[in-house]
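Here's the structure we're looking at; comments come further down.
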Amino acid sequence: MGIKIYTVGFGSDCDAAALESIAEKTGGEYLTAATAGELQDAYEILGVVSKVDLEKDDDKDGLPDVFEYTGIRMSNGRYWNKYTGDVI
């Protein structure tokens, strides 16, 4: 039994072709998000809203805190964390 991988392309710099290919090859789904609101919509579609708080945005920048705390994967494969400034 294979594992389905669901991918979300965030912003204009994501490698949409690679993300779409990964999702297609595994039976998952590829979604796109150009804004923080669309990113929240994508996670709602994937059903993760019940697992994380996408409403909490302490600094009112439009990006839910969960993404800022856990990090955001950039198009070069590295992760950026707003609070630590780390890029790994």
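As shown in the structure tokens, the chain order sets the letters A, B, ...; within each chain, residues go from 1, and ligands are also counted from 1 in the order they appear.
Close contacts of A:Asp65, defined as residues with an atom at most 9 Å away when counting only C-alpha atoms, with chain neighbours fewer than 4 positions off set aside, comprise Asp53, Leu54, Glu55, Lys56, Asp57, Asp58, Asp59, Tyr69 and Thr70 of chain A.
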Close residues, stretch 38-46 of chain A itself excluded, 9 Å, only C-alpha atoms, min 2 positions apart in chain, as number ranges by chain: A: 6, 8-10, 29, 31-36, 48-50, 54-55, 63-64
task: Enumerate, as a PyMOL selection string, the complete set of residues in chain A that a backbone-based DSSP assignment places in alpha helix (DSSP H).
output: chain A and resi 16-26+36-46+65-70
Go ahead and write the selection's residues with C-alpha atoms as a short mmCIF file (atom, residue, chain, number, x, y, z; two decimals), in the first residue's frame.
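Resulting contents of again.cif:
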```
data_model
loop_
_atom_site.label_atom_id
_atom_site.label_comp_id
_atom_site.auth_asym_id
_atom_site.auth_seq_id
_atom_site.Cartn_x
_atom_site.Cartn_y
_atom_site.Cartn_z
CA ALA A 16 4.53 23.73 -9.29
CA ALA A 17 5.53 21.04 -11.80
CA ALA A 18 7.48 19.08 -9.17
CA LEU A 19 4.75 19.43 -6.54
CA GLU A 20 2.07 18.37 -9.01
CA SER A 21 4.16 15.40 -10.12
CA ILE A 22 4.73 14.22 -6.55
CA ALA A 23 1.03 14.43 -5.75
CA GLU A 24 0.01 12.71 -8.98
CA LYS A 25 2.51 9.84 -8.63
CA THR A 26 1.32 9.05 -5.11
CA ALA A 36 -2.05 33.48 3.35
CA GLY A 37 -5.83 33.23 3.01
CA GLU A 38 -5.54 30.79 0.12
CA LEU A 39 -3.00 28.78 2.13
CA GLN A 40 -5.56 28.49 4.91
CA ASP A 41 -8.17 27.41 2.36
CA ALA A 42 -5.80 24.74 1.02
CA TYR A 43 -5.29 23.30 4.50
CA GLU A 44 -9.04 23.37 5.10
CA ILE A 45 -9.52 21.36 1.91
CA LEU A 46 -6.92 18.85 3.09
CA ASP A 65 1.10 31.50 13.72
CA VAL A 66 1.33 27.75 13.10
CA PHE A 67 3.24 28.42 9.86
CA GLU A 68 5.49 30.95 11.51
CA TYR A 69 6.34 28.63 14.43
CA THR A 70 6.81 25.44 12.44
#
```
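Our summary of the geometry notes that atom CA of A:Asp13 is positioned 19.9 Å from atom CA of A:Asp61.
Each of A:Val87, A:Gly28, A:Ile3, A:Ser12 was checked against A:Arg73 using only C-alpha atoms; the smallest atom-to-atom distance is that of A:Val87.
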field: Distance in Å - atom CA of A:Ile72 versus atom CA of A:Lys60
entry: 17.3 Å
statement: Judged by only C-alpha atoms, the minimum distance to A:Asp15 among A:Gly2, A:Asp86, A:Tyr30, A:Gly71 is found for A:Tyr30
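Those residues in stretch 7-59 of chain A carrying a DSSP assignment of strand (DSSP E), computed from the backbone, are Thr7, Val8, Gly9, Phe10, Tyr30, Leu31, Thr32 and Ala33 of chain A.
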Using the selection just defined, write its residues with N, CA and C atoms as a JSON list (two decimals), in the first residue's frame.
```
[["chain", "number", "residue", "atom", "x", "y", "z"],
["A", 7, "THR", "N", 0.41, 18.00, -1.75],
["A", 7, "THR", "CA", 1.35, 19.11, -1.80],
["A", 7, "THR", "C", 0.59, 20.42, -1.97],
["A", 8, "VAL", "N", 1.20, 21.48, -1.43],
["A", 8, "VAL", "CA", 0.63, 22.82, -1.54],
["A", 8, "VAL", "C", 1.73, 23.75, -2.01],
["A", 9, "GLY", "N", 1.53, 24.37, -3.14],
["A", 9, "GLY", "CA", 2.46, 25.37, -3.64],
["A", 9, "GLY", "C", 2.07, 26.72, -3.10],
["A", 10, "PHE", "N", 2.98, 27.33, -2.33],
["A", 10, "PHE", "CA", 2.67, 28.62, -1.71],
["A", 10, "PHE", "C", 3.54, 29.70, -2.35],
["A", 30, "TYR", "N", -2.56, 18.12, -5.53],
["A", 30, "TYR", "CA", -1.76, 19.33, -5.53],
["A", 30, "TYR", "C", -2.69, 20.54, -5.46],
["A", 31, "LEU", "N", -2.40, 21.43, -4.54],
["A", 31, "LEU", "CA", -3.18, 22.66, -4.40],
["A", 31, "LEU", "C", -2.23, 23.85, -4.46],
["A", 32, "THR", "N", -2.74, 24.98, -4.91],
["A", 32, "THR", "CA", -1.92, 26.19, -4.96],
["A", 32, "THR", "C", -2.48, 27.25, -4.03],
["A", 33, "ALA", "N", -1.59, 28.11, -3.55],
["A", 33, "ALA", "CA", -1.99, 29.20, -2.67],
["A", 33, "ALA", "C", -1.07, 30.39, -2.94]]
```
